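A short write-up of the structure that comes next.
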Amino acid sequence: MVWSDIGVRGFLFGPIATAGKQVISKCCDFIVSEKINVEKGMRHPLYLVVKERTDTFHALHALRKAMKCREISYCGLKDKYSLSIQHVVPIDCKQSPDHFYLDNVVAKKIGYVDRPLKLGENTHNDFFVRISMENIHELGRFMEKASKKLVFPNFVGYQRFGLRRPYTHELGLAYFKYLLGERDELTGLLSKKDGWWEMQLLRKGYIDESIKLLLIHSVQSYYFNECLSELLLDERLHAREIQSGVLIGYDFRNRKHPGWVNKEHVDCIEDRLSKDDWLLQALEKLGIRTRYRVLLGVAEILIYKRLEETMVIGFRLNPGFYGTVFLRELVGDKGSVFQDCEPCLKTTANLLPAGEGKGSF
């Protein structure tokens with residue numbers, strides 16, 4: 001994947017130390033841990049899920065199939081090439097064992113709640129990344145002098161788009177055309193993918209509501225990224241300004257945007273819509289209204305420590321901010337996209353109680 005393919009170009013203060021290749025090798029070199037605050041209940045089981053080399057949608061699909069659930073709610077997407085820890089709440093399952101072990105996914109029941117989780121409901125995400133690169137000393141000098149809170153461009157990360165073409169925003173645009181009666185482009189793109197939901201849409205013309213939202217949000221995110229990049233490249237964005245950009249909806253042209261919305265980002269979106277006017281028709285058909293997303297994010301530095309030719313950096317982000325995007329600002333385009341990583345979950349022994357294992361509930 002190339003960052004510019006998803007509209008990401010330009011930097012705010014970086015890159016600090018440009019990496020010539022990806023900066024992690026093992027999945028546990030990039031750990032993301034989701035923190036939530038939900039009231040205890042009795043109606044639905046709450047699971048803690050640990051996964052690696054698997055994106056959130058495929059992990060949820062595997063769990064739903066194994067537990068025979070109607071659906072599984074969650075707070076947000078987590079990186080595929082990482083060791084990620086997140087919470088899920090299965091709904092209407094025929095079985096809900098205390099432990100589950102699937103390929104690259106481990107789940108443990110930790111309690112019960114009375115309602116499903118909502119997207120963005122987590123309080124924050126903590127990241128711990130071990131970076132390995134030749135010029136690590138440059139990054140070390142920067143971290144020694146840096147503030148405890150670093151501002152960075154709030155691009156939507158590649159987790160929203162996927163790592164290989166066709167990306168989800170390309171599928172999303174083709175899906176919009178499908179809704180307007182042009183079906184050939186979507187069929188052609190889907191034939192190049194072999195994932196479960198792509199096959200579901202290709203064969204049955206149906207997709208889950210969560211996948212439909214993914215396609216919609218990826219289109220909105222692509223236009224958001226494109227215009228944020230334009231502001232950065234033209235040096236029209238400043239770290240002290242807390243403003244938002246536009247996630248387009250059908251009412252984009254008919255509403256008065258608040259004063260805290262960056263006017264130049266709005267103008268950029270308008271310029272692109274003048275070439276893709278049909279987008280608003282599709283968004284109206286789907287009932288998608290305009291939303292806003294802050295243009296700059298803040299990473300709270302928790303820890304940084306030099307270990308020979310590597311460095312461990314711990315940082316905290318609010319929901320909706322991407323750890324890979326912050327990492328890109330530090331080490332550049334090539335070092336922050338992970339094409340693969342060596343697995344760390346060799347067995348269930350380090351995650352499940354003694355005596356528990358695959359197929360044992």
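All residue names refer to the structure tokens as shown: chains lettered A, B, ... in order, residues numbered from 1 in each chain, ligands numbered from 1 in order.
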
Listing only residues of segment 118-192 of chain A within 9 Å of segment 236-251 of chain A, what is the closest atom pair and its distance in Å (to one decimal) for each, using only C-alpha atoms, sorted by chain and residue number ascending, as CSV?
```
residue,atom,partner,partner_atom,distance
A:Val151,CA,A:Ala239,CA,6.4
A:Phe152,CA,A:Ala239,CA,7.8
A:Pro153,CA,A:Ala239,CA,8.9
```

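Non-sequential neighbours of Glu121 of chain A (distance at most 12 Å, separation of 3 or more positions within a chain, only C-alpha atoms) are Glu34, Lys35, Ile36, Asn37, Val38, Ser73, Tyr74, Cys75, Gly76, Leu77, Gln86, His87, Val88, Pro116, Leu117, Lys118, His124, Asn125, Asn318, Pro319 and Gly320 of chain A.
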
- prompt: In Å to one decimal, how far is atom CA of Arg289 of chain A from atom CA of Arg255 of chain A?
  reply: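 Result for atom CA of Arg255 of chain A versus atom CA of Arg289 of chain A: 10.1 Å, one decimal.
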
- prompt: Which distance in Å separates atom CA of Gly181 of chain A and atom CA of Lys212 of chain A, to one decimal?
  reply: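 Between these atoms lies a distance of 17.1 Å.
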
For the structure I just gave you, how does DSSP split segment 93-189 of chain A - specifically, which residues are helix (DSSP H, G or I)? Reply as a PDB file with all heavy atoms, in the first residue's frame.
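Generated file (states03.pdb):
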```
ATOM      1  N   ILE A 136      18.115   5.351  14.309  1.00  0.00           N
ATOM      2  CA  ILE A 136      17.249   5.462  15.479  1.00  0.00           C
ATOM      3  C   ILE A 136      17.699   6.590  16.400  1.00  0.00           C
ATOM      4  O   ILE A 136      16.890   7.157  17.142  1.00  0.00           O
ATOM      5  CB  ILE A 136      17.206   4.111  16.241  1.00  0.00           C
ATOM      6  CG1 ILE A 136      16.040   4.069  17.236  1.00  0.00           C
ATOM      7  CG2 ILE A 136      18.532   3.843  16.957  1.00  0.00           C
ATOM      8  CD1 ILE A 136      14.705   3.969  16.602  1.00  0.00           C
ATOM      9  N   HIS A 137      18.993   6.949  16.357  1.00  0.00           N
ATOM     10  CA  HIS A 137      19.503   8.008  17.238  1.00  0.00           C
ATOM     11  C   HIS A 137      18.843   9.353  16.937  1.00  0.00           C
ATOM     12  O   HIS A 137      18.651  10.169  17.842  1.00  0.00           O
ATOM     13  CB  HIS A 137      21.023   8.124  17.103  1.00  0.00           C
ATOM     14  CG  HIS A 137      21.479   8.434  15.714  1.00  0.00           C
ATOM     15  ND1 HIS A 137      21.596   7.462  14.736  1.00  0.00           N
ATOM     16  CD2 HIS A 137      21.832   9.617  15.135  1.00  0.00           C
ATOM     17  CE1 HIS A 137      22.010   8.037  13.616  1.00  0.00           C
ATOM     18  NE2 HIS A 137      22.159   9.333  13.828  1.00  0.00           N
ATOM     19  N   GLU A 138      18.471   9.591  15.671  1.00  0.00           N
ATOM     20  CA  GLU A 138      17.799  10.848  15.325  1.00  0.00           C
ATOM     21  C   GLU A 138      16.438  10.934  16.004  1.00  0.00           C
ATOM     22  O   GLU A 138      16.050  11.984  16.527  1.00  0.00           O
ATOM     23  CB  GLU A 138      17.641  10.956  13.810  1.00  0.00           C
ATOM     24  CG  GLU A 138      18.953  11.037  13.046  1.00  0.00           C
ATOM     25  CD  GLU A 138      18.725  11.129  11.554  1.00  0.00           C
ATOM     26  OE1 GLU A 138      17.627  11.578  11.148  1.00  0.00           O
ATOM     27  OE2 GLU A 138      19.625  10.748  10.783  1.00  0.00           O
ATOM     28  N   LEU A 139      15.729   9.823  15.997  1.00  0.00           N
ATOM     29  CA  LEU A 139      14.430   9.786  16.657  1.00  0.00           C
ATOM     30  C   LEU A 139      14.595   9.938  18.163  1.00  0.00           C
ATOM     31  O   LEU A 139      13.797  10.616  18.821  1.00  0.00           O
ATOM     32  CB  LEU A 139      13.716   8.472  16.327  1.00  0.00           C
ATOM     33  CG  LEU A 139      12.295   8.302  16.869  1.00  0.00           C
ATOM     34  CD1 LEU A 139      11.385   9.419  16.368  1.00  0.00           C
ATOM     35  CD2 LEU A 139      11.730   6.942  16.463  1.00  0.00           C
ATOM     36  N   GLY A 140      15.654   9.331  18.708  1.00  0.00           N
ATOM     37  CA  GLY A 140      15.912   9.447  20.142  1.00  0.00           C
ATOM     38  C   GLY A 140      16.152  10.878  20.574  1.00  0.00           C
ATOM     39  O   GLY A 140      15.626  11.325  21.603  1.00  0.00           O
ATOM     40  N   ARG A 141      16.932  11.617  19.802  1.00  0.00           N
ATOM     41  CA  ARG A 141      17.201  13.023  20.137  1.00  0.00           C
ATOM     42  C   ARG A 141      15.918  13.847  20.096  1.00  0.00           C
ATOM     43  O   ARG A 141      15.700  14.725  20.933  1.00  0.00           O
ATOM     44  CB  ARG A 141      18.235  13.598  19.168  1.00  0.00           C
ATOM     45  CG  ARG A 141      19.657  13.119  19.427  1.00  0.00           C
ATOM     46  CD  ARG A 141      20.670  14.042  18.769  1.00  0.00           C
ATOM     47  NE  ARG A 141      20.519  14.052  17.320  1.00  0.00           N
ATOM     48  CZ  ARG A 141      21.214  13.275  16.498  1.00  0.00           C
ATOM     49  NH1 ARG A 141      22.100  12.416  16.985  1.00  0.00           N
ATOM     50  NH2 ARG A 141      21.037  13.343  15.191  1.00  0.00           N
ATOM     51  N   PHE A 142      15.065  13.548  19.124  1.00  0.00           N
ATOM     52  CA  PHE A 142      13.803  14.283  19.026  1.00  0.00           C
ATOM     53  C   PHE A 142      12.914  14.004  20.235  1.00  0.00           C
ATOM     54  O   PHE A 142      12.344  14.931  20.826  1.00  0.00           O
ATOM     55  CB  PHE A 142      13.071  13.896  17.740  1.00  0.00           C
ATOM     56  CG  PHE A 142      11.673  14.453  17.648  1.00  0.00           C
ATOM     57  CD1 PHE A 142      11.460  15.771  17.275  1.00  0.00           C
ATOM     58  CD2 PHE A 142      10.571  13.659  17.951  1.00  0.00           C
ATOM     59  CE1 PHE A 142      10.174  16.293  17.201  1.00  0.00           C
ATOM     60  CE2 PHE A 142       9.284  14.169  17.880  1.00  0.00           C
ATOM     61  CZ  PHE A 142       9.085  15.490  17.502  1.00  0.00           C
ATOM     62  N   MET A 143      12.797  12.727  20.622  1.00  0.00           N
ATOM     63  CA  MET A 143      11.916  12.362  21.726  1.00  0.00           C
ATOM     64  C   MET A 143      12.399  12.955  23.045  1.00  0.00           C
ATOM     65  O   MET A 143      11.597  13.291  23.917  1.00  0.00           O
ATOM     66  CB  MET A 143      11.805  10.841  21.841  1.00  0.00           C
ATOM     67  CG  MET A 143      11.131  10.157  20.656  1.00  0.00           C
ATOM     68  SD  MET A 143       9.467  10.784  20.286  1.00  0.00           S
ATOM     69  CE  MET A 143       8.603  10.409  21.818  1.00  0.00           C
ATOM     70  N   GLU A 144      13.697  13.104  23.208  1.00  0.00           N
ATOM     71  CA  GLU A 144      14.238  13.691  24.436  1.00  0.00           C
ATOM     72  C   GLU A 144      13.803  15.146  24.599  1.00  0.00           C
ATOM     73  O   GLU A 144      13.591  15.624  25.715  1.00  0.00           O
ATOM     74  CB  GLU A 144      15.762  13.600  24.428  1.00  0.00           C
ATOM     75  CG  GLU A 144      16.294  12.187  24.636  1.00  0.00           C
ATOM     76  CD  GLU A 144      17.804  12.122  24.499  1.00  0.00           C
ATOM     77  OE1 GLU A 144      18.417  13.192  24.259  1.00  0.00           O
ATOM     78  OE2 GLU A 144      18.368  11.019  24.617  1.00  0.00           O
ATOM     79  N   LYS A 145      13.669  15.853  23.489  1.00  0.00           N
ATOM     80  CA  LYS A 145      13.324  17.274  23.539  1.00  0.00           C
ATOM     81  C   LYS A 145      11.831  17.531  23.335  1.00  0.00           C
ATOM     82  O   LYS A 145      11.350  18.635  23.583  1.00  0.00           O
ATOM     83  CB  LYS A 145      14.106  18.031  22.462  1.00  0.00           C
ATOM     84  CG  LYS A 145      15.620  17.945  22.626  1.00  0.00           C
ATOM     85  CD  LYS A 145      16.321  18.661  21.479  1.00  0.00           C
ATOM     86  CE  LYS A 145      17.830  18.551  21.613  1.00  0.00           C
ATOM     87  NZ  LYS A 145      18.530  19.218  20.478  1.00  0.00           N
ATOM     88  N   TYR A 158      -4.868   3.598   7.053  1.00  0.00           N
ATOM     89  CA  TYR A 158      -5.112   2.577   6.039  1.00  0.00           C
ATOM     90  C   TYR A 158      -6.006   1.446   6.537  1.00  0.00           C
ATOM     91  O   TYR A 158      -6.533   0.669   5.738  1.00  0.00           O
ATOM     92  CB  TYR A 158      -3.788   2.014   5.511  1.00  0.00           C
ATOM     93  CG  TYR A 158      -2.936   1.300   6.533  1.00  0.00           C
ATOM     94  CD1 TYR A 158      -3.206  -0.006   6.917  1.00  0.00           C
ATOM     95  CD2 TYR A 158      -1.838   1.933   7.106  1.00  0.00           C
ATOM     96  CE1 TYR A 158      -2.423  -0.661   7.845  1.00  0.00           C
ATOM     97  CE2 TYR A 158      -1.048   1.284   8.037  1.00  0.00           C
ATOM     98  CZ  TYR A 158      -1.341  -0.018   8.405  1.00  0.00           C
ATOM     99  OH  TYR A 158      -0.562  -0.662   9.331  1.00  0.00           O
ATOM    100  N   GLN A 159      -6.205   1.339   7.870  1.00  0.00           N
ATOM    101  CA  GLN A 159      -7.116   0.317   8.378  1.00  0.00           C
ATOM    102  C   GLN A 159      -8.520   0.491   7.800  1.00  0.00           C
ATOM    103  O   GLN A 159      -9.260  -0.471   7.643  1.00  0.00           O
ATOM    104  CB  GLN A 159      -7.187   0.374   9.910  1.00  0.00           C
ATOM    105  CG  GLN A 159      -5.865   0.089  10.596  1.00  0.00           C
ATOM    106  CD  GLN A 159      -5.041   1.339  10.814  1.00  0.00           C
ATOM    107  OE1 GLN A 159      -4.996   2.231   9.980  1.00  0.00           O
ATOM    108  NE2 GLN A 159      -4.372   1.415  11.944  1.00  0.00           N
ATOM    109  N   ARG A 160      -8.873   1.734   7.495  1.00  0.00           N
ATOM    110  CA  ARG A 160     -10.186   2.019   6.919  1.00  0.00           C
ATOM    111  C   ARG A 160     -10.264   1.581   5.462  1.00  0.00           C
ATOM    112  O   ARG A 160     -11.343   1.295   4.945  1.00  0.00           O
ATOM    113  CB  ARG A 160     -10.464   3.524   7.020  1.00  0.00           C
ATOM    114  CG  ARG A 160     -11.764   3.996   6.416  1.00  0.00           C
ATOM    115  CD  ARG A 160     -12.951   3.622   7.258  1.00  0.00           C
ATOM    116  NE  ARG A 160     -12.950   4.358   8.518  1.00  0.00           N
ATOM    117  CZ  ARG A 160     -13.802   4.141   9.508  1.00  0.00           C
ATOM    118  NH1 ARG A 160     -14.703   3.205   9.388  1.00  0.00           N
ATOM    119  NH2 ARG A 160     -13.736   4.850  10.625  1.00  0.00           N
ATOM    120  N   THR A 168     -11.100  -0.053  -0.070  1.00  0.00           N
ATOM    121  CA  THR A 168     -12.521   0.030   0.272  1.00  0.00           C
ATOM    122  C   THR A 168     -13.174   1.297  -0.273  1.00  0.00           C
ATOM    123  O   THR A 168     -14.365   1.285  -0.584  1.00  0.00           O
ATOM    124  CB  THR A 168     -12.731  -0.045   1.795  1.00  0.00           C
ATOM    125  OG1 THR A 168     -11.900   0.932   2.437  1.00  0.00           O
ATOM    126  CG2 THR A 168     -12.390  -1.418   2.326  1.00  0.00           C
ATOM    127  N   HIS A 169     -12.423   2.395  -0.405  1.00  0.00           N
ATOM    128  CA  HIS A 169     -13.064   3.594  -0.960  1.00  0.00           C
ATOM    129  C   HIS A 169     -13.339   3.411  -2.455  1.00  0.00           C
ATOM    130  O   HIS A 169     -14.310   3.961  -2.983  1.00  0.00           O
ATOM    131  CB  HIS A 169     -12.221   4.845  -0.705  1.00  0.00           C
ATOM    132  CG  HIS A 169     -10.986   4.962  -1.537  1.00  0.00           C
ATOM    133  ND1 HIS A 169      -9.832   4.282  -1.250  1.00  0.00           N
ATOM    134  CD2 HIS A 169     -10.722   5.681  -2.666  1.00  0.00           C
ATOM    135  CE1 HIS A 169      -8.905   4.573  -2.145  1.00  0.00           C
ATOM    136  NE2 HIS A 169      -9.419   5.424  -3.020  1.00  0.00           N
ATOM    137  N   GLU A 170     -12.504   2.625  -3.146  1.00  0.00           N
ATOM    138  CA  GLU A 170     -12.771   2.328  -4.553  1.00  0.00           C
ATOM    139  C   GLU A 170     -14.004   1.438  -4.682  1.00  0.00           C
ATOM    140  O   GLU A 170     -14.850   1.645  -5.561  1.00  0.00           O
ATOM    141  CB  GLU A 170     -11.546   1.654  -5.174  1.00  0.00           C
ATOM    142  CG  GLU A 170     -10.328   2.570  -5.232  1.00  0.00           C
ATOM    143  CD  GLU A 170      -9.062   1.861  -5.672  1.00  0.00           C
ATOM    144  OE1 GLU A 170      -8.854   0.698  -5.270  1.00  0.00           O
ATOM    145  OE2 GLU A 170      -8.272   2.476  -6.417  1.00  0.00           O
ATOM    146  N   LEU A 171     -14.113   0.459  -3.783  1.00  0.00           N
ATOM    147  CA  LEU A 171     -15.321  -0.367  -3.752  1.00  0.00           C
ATOM    148  C   LEU A 171     -16.534   0.471  -3.355  1.00  0.00           C
ATOM    149  O   LEU A 171     -17.635   0.276  -3.877  1.00  0.00           O
ATOM    150  CB  LEU A 171     -15.137  -1.520  -2.763  1.00  0.00           C
ATOM    151  CG  LEU A 171     -14.192  -2.645  -3.196  1.00  0.00           C
ATOM    152  CD1 LEU A 171     -13.863  -3.550  -2.017  1.00  0.00           C
ATOM    153  CD2 LEU A 171     -14.808  -3.462  -4.321  1.00  0.00           C
ATOM    154  N   GLY A 172     -16.313   1.413  -2.420  1.00  0.00           N
ATOM    155  CA  GLY A 172     -17.407   2.270  -1.980  1.00  0.00           C
ATOM    156  C   GLY A 172     -17.943   3.143  -3.101  1.00  0.00           C
ATOM    157  O   GLY A 172     -19.163   3.281  -3.278  1.00  0.00           O
ATOM    158  N   LEU A 173     -17.046   3.740  -3.875  1.00  0.00           N
ATOM    159  CA  LEU A 173     -17.480   4.565  -5.009  1.00  0.00           C
ATOM    160  C   LEU A 173     -18.229   3.716  -6.039  1.00  0.00           C
ATOM    161  O   LEU A 173     -19.243   4.153  -6.602  1.00  0.00           O
ATOM    162  CB  LEU A 173     -16.267   5.238  -5.651  1.00  0.00           C
ATOM    163  CG  LEU A 173     -15.622   6.368  -4.836  1.00  0.00           C
ATOM    164  CD1 LEU A 173     -14.284   6.775  -5.433  1.00  0.00           C
ATOM    165  CD2 LEU A 173     -16.552   7.578  -4.757  1.00  0.00           C
ATOM    166  N   ALA A 174     -17.730   2.496  -6.268  1.00  0.00           N
ATOM    167  CA  ALA A 174     -18.417   1.596  -7.199  1.00  0.00           C
ATOM    168  C   ALA A 174     -19.774   1.171  -6.641  1.00  0.00           C
ATOM    169  O   ALA A 174     -20.748   1.012  -7.390  1.00  0.00           O
ATOM    170  CB  ALA A 174     -17.548   0.373  -7.475  1.00  0.00           C
ATOM    171  N   TYR A 175     -19.863   1.017  -5.319  1.00  0.00           N
ATOM    172  CA  TYR A 175     -21.140   0.669  -4.680  1.00  0.00           C
ATOM    173  C   TYR A 175     -22.143   1.811  -4.831  1.00  0.00           C
ATOM    174  O   TYR A 175     -23.334   1.585  -5.078  1.00  0.00           O
ATOM    175  CB  TYR A 175     -20.901   0.352  -3.205  1.00  0.00           C
ATOM    176  CG  TYR A 175     -22.153   0.028  -2.424  1.00  0.00           C
ATOM    177  CD1 TYR A 175     -22.934  -1.072  -2.749  1.00  0.00           C
ATOM    178  CD2 TYR A 175     -22.554   0.829  -1.356  1.00  0.00           C
ATOM    179  CE1 TYR A 175     -24.084  -1.372  -2.033  1.00  0.00           C
ATOM    180  CE2 TYR A 175     -23.699   0.534  -0.633  1.00  0.00           C
ATOM    181  CZ  TYR A 175     -24.463  -0.565  -0.972  1.00  0.00           C
ATOM    182  OH  TYR A 175     -25.597  -0.855  -0.263  1.00  0.00           O
ATOM    183  N   PHE A 176     -21.667   3.047  -4.708  1.00  0.00           N
ATOM    184  CA  PHE A 176     -22.542   4.199  -4.918  1.00  0.00           C
ATOM    185  C   PHE A 176     -23.110   4.188  -6.340  1.00  0.00           C
ATOM    186  O   PHE A 176     -24.304   4.440  -6.555  1.00  0.00           O
ATOM    187  CB  PHE A 176     -21.772   5.498  -4.685  1.00  0.00           C
ATOM    188  CG  PHE A 176     -21.476   5.788  -3.231  1.00  0.00           C
ATOM    189  CD1 PHE A 176     -21.835   4.905  -2.234  1.00  0.00           C
ATOM    190  CD2 PHE A 176     -20.830   6.958  -2.869  1.00  0.00           C
ATOM    191  CE1 PHE A 176     -21.569   5.169  -0.903  1.00  0.00           C
ATOM    192  CE2 PHE A 176     -20.556   7.246  -1.541  1.00  0.00           C
ATOM    193  CZ  PHE A 176     -20.923   6.343  -0.554  1.00  0.00           C
ATOM    194  N   LYS A 177     -22.247   3.909  -7.312  1.00  0.00           N
ATOM    195  CA  LYS A 177     -22.708   3.846  -8.706  1.00  0.00           C
ATOM    196  C   LYS A 177     -23.698   2.697  -8.895  1.00  0.00           C
ATOM    197  O   LYS A 177     -24.655   2.803  -9.670  1.00  0.00           O
ATOM    198  CB  LYS A 177     -21.510   3.684  -9.643  1.00  0.00           C
ATOM    199  CG  LYS A 177     -20.602   4.905  -9.691  1.00  0.00           C
ATOM    200  CD  LYS A 177     -19.409   4.676 -10.610  1.00  0.00           C
ATOM    201  CE  LYS A 177     -18.502   5.903 -10.638  1.00  0.00           C
ATOM    202  NZ  LYS A 177     -17.302   5.681 -11.494  1.00  0.00           N
ATOM    203  N   TYR A 178     -23.448   1.604  -8.176  1.00  0.00           N
ATOM    204  CA  TYR A 178     -24.356   0.450  -8.204  1.00  0.00           C
ATOM    205  C   TYR A 178     -25.753   0.869  -7.751  1.00  0.00           C
ATOM    206  O   TYR A 178     -26.763   0.486  -8.354  1.00  0.00           O
ATOM    207  CB  TYR A 178     -23.780  -0.639  -7.304  1.00  0.00           C
ATOM    208  CG  TYR A 178     -24.655  -1.850  -7.073  1.00  0.00           C
ATOM    209  CD1 TYR A 178     -24.605  -2.945  -7.930  1.00  0.00           C
ATOM    210  CD2 TYR A 178     -25.511  -1.908  -5.971  1.00  0.00           C
ATOM    211  CE1 TYR A 178     -25.391  -4.068  -7.706  1.00  0.00           C
ATOM    212  CE2 TYR A 178     -26.305  -3.022  -5.738  1.00  0.00           C
ATOM    213  CZ  TYR A 178     -26.243  -4.096  -6.609  1.00  0.00           C
ATOM    214  OH  TYR A 178     -27.030  -5.199  -6.384  1.00  0.00           O
ATOM    215  N   LEU A 179     -25.810   1.679  -6.697  1.00  0.00           N
ATOM    216  CA  LEU A 179     -27.097   2.151  -6.192  1.00  0.00           C
ATOM    217  C   LEU A 179     -27.807   3.056  -7.193  1.00  0.00           C
ATOM    218  O   LEU A 179     -29.038   3.153  -7.196  1.00  0.00           O
ATOM    219  CB  LEU A 179     -26.900   2.908  -4.876  1.00  0.00           C
ATOM    220  CG  LEU A 179     -26.410   2.087  -3.675  1.00  0.00           C
ATOM    221  CD1 LEU A 179     -26.146   3.001  -2.489  1.00  0.00           C
ATOM    222  CD2 LEU A 179     -27.424   1.018  -3.298  1.00  0.00           C
ATOM    223  N   ASP A 184     -21.659  -2.539 -13.447  1.00  0.00           N
ATOM    224  CA  ASP A 184     -20.513  -3.264 -14.001  1.00  0.00           C
ATOM    225  C   ASP A 184     -19.226  -3.015 -13.227  1.00  0.00           C
ATOM    226  O   ASP A 184     -18.431  -3.932 -13.007  1.00  0.00           O
ATOM    227  CB  ASP A 184     -20.310  -2.886 -15.473  1.00  0.00           C
ATOM    228  CG  ASP A 184     -21.447  -3.395 -16.350  1.00  0.00           C
ATOM    229  OD1 ASP A 184     -22.189  -4.281 -15.879  1.00  0.00           O
ATOM    230  OD2 ASP A 184     -21.590  -2.905 -17.482  1.00  0.00           O
ATOM    231  N   GLU A 185     -18.989  -1.770 -12.816  1.00  0.00           N
ATOM    232  CA  GLU A 185     -17.732  -1.441 -12.141  1.00  0.00           C
ATOM    233  C   GLU A 185     -17.593  -2.193 -10.823  1.00  0.00           C
ATOM    234  O   GLU A 185     -16.528  -2.735 -10.508  1.00  0.00           O
ATOM    235  CB  GLU A 185     -17.637   0.066 -11.896  1.00  0.00           C
ATOM    236  CG  GLU A 185     -16.309   0.488 -11.285  1.00  0.00           C
ATOM    237  CD  GLU A 185     -16.184   1.998 -11.150  1.00  0.00           C
ATOM    238  OE1 GLU A 185     -16.925   2.730 -11.845  1.00  0.00           O
ATOM    239  OE2 GLU A 185     -15.343   2.443 -10.348  1.00  0.00           O
ATOM    240  N   LEU A 186     -18.667  -2.254 -10.038  1.00  0.00           N
ATOM    241  CA  LEU A 186     -18.616  -2.953  -8.758  1.00  0.00           C
ATOM    242  C   LEU A 186     -18.367  -4.444  -8.962  1.00  0.00           C
ATOM    243  O   LEU A 186     -17.546  -5.049  -8.266  1.00  0.00           O
ATOM    244  CB  LEU A 186     -19.917  -2.743  -7.983  1.00  0.00           C
ATOM    245  CG  LEU A 186     -19.987  -3.430  -6.610  1.00  0.00           C
ATOM    246  CD1 LEU A 186     -18.898  -2.909  -5.687  1.00  0.00           C
ATOM    247  CD2 LEU A 186     -21.358  -3.237  -5.977  1.00  0.00           C
ATOM    248  N   THR A 187     -19.046  -5.038  -9.923  1.00  0.00           N
ATOM    249  CA  THR A 187     -18.856  -6.465 -10.199  1.00  0.00           C
ATOM    250  C   THR A 187     -17.416  -6.753 -10.594  1.00  0.00           C
ATOM    251  O   THR A 187     -16.815  -7.736 -10.150  1.00  0.00           O
ATOM    252  CB  THR A 187     -19.809  -6.925 -11.319  1.00  0.00           C
ATOM    253  OG1 THR A 187     -21.156  -6.651 -10.930  1.00  0.00           O
ATOM    254  CG2 THR A 187     -19.650  -8.413 -11.584  1.00  0.00           C
ATOM    255  N   GLY A 188     -16.834  -5.882 -11.414  1.00  0.00           N
ATOM    256  CA  GLY A 188     -15.452  -6.069 -11.839  1.00  0.00           C
ATOM    257  C   GLY A 188     -14.470  -5.977 -10.687  1.00  0.00           C
ATOM    258  O   GLY A 188     -13.538  -6.783 -10.583  1.00  0.00           O
ATOM    259  N   LEU A 189     -14.675  -5.018  -9.785  1.00  0.00           N
ATOM    260  CA  LEU A 189     -13.776  -4.859  -8.644  1.00  0.00           C
ATOM    261  C   LEU A 189     -13.911  -6.017  -7.663  1.00  0.00           C
ATOM    262  O   LEU A 189     -12.921  -6.520  -7.132  1.00  0.00           O
ATOM    263  CB  LEU A 189     -14.060  -3.533  -7.936  1.00  0.00           C
ATOM    264  CG  LEU A 189     -13.639  -2.256  -8.665  1.00  0.00           C
ATOM    265  CD1 LEU A 189     -14.081  -1.029  -7.876  1.00  0.00           C
ATOM    266  CD2 LEU A 189     -12.132  -2.218  -8.882  1.00  0.00           C
TER     267      LEU A 189
END
```

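Residues in contact range of segment 305-312 of chain A, defined as at most 7 Å between only C-alpha atoms, with sequence neighbours fewer than 6 positions away removed, read Phe128, Val129, Arg130, Ile131, Ser132, Met133 and Ile136 of chain A.
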
message: as a VMD selection string, please: every residue in segment 35-214 of chain A that a backbone DSSP assignment puts in strand (DSSP E).
response: chain A and resid 35 44 to 52 69 to 74 83 to 93 99 to 102 105 to 113 124 to 132 149 to 153
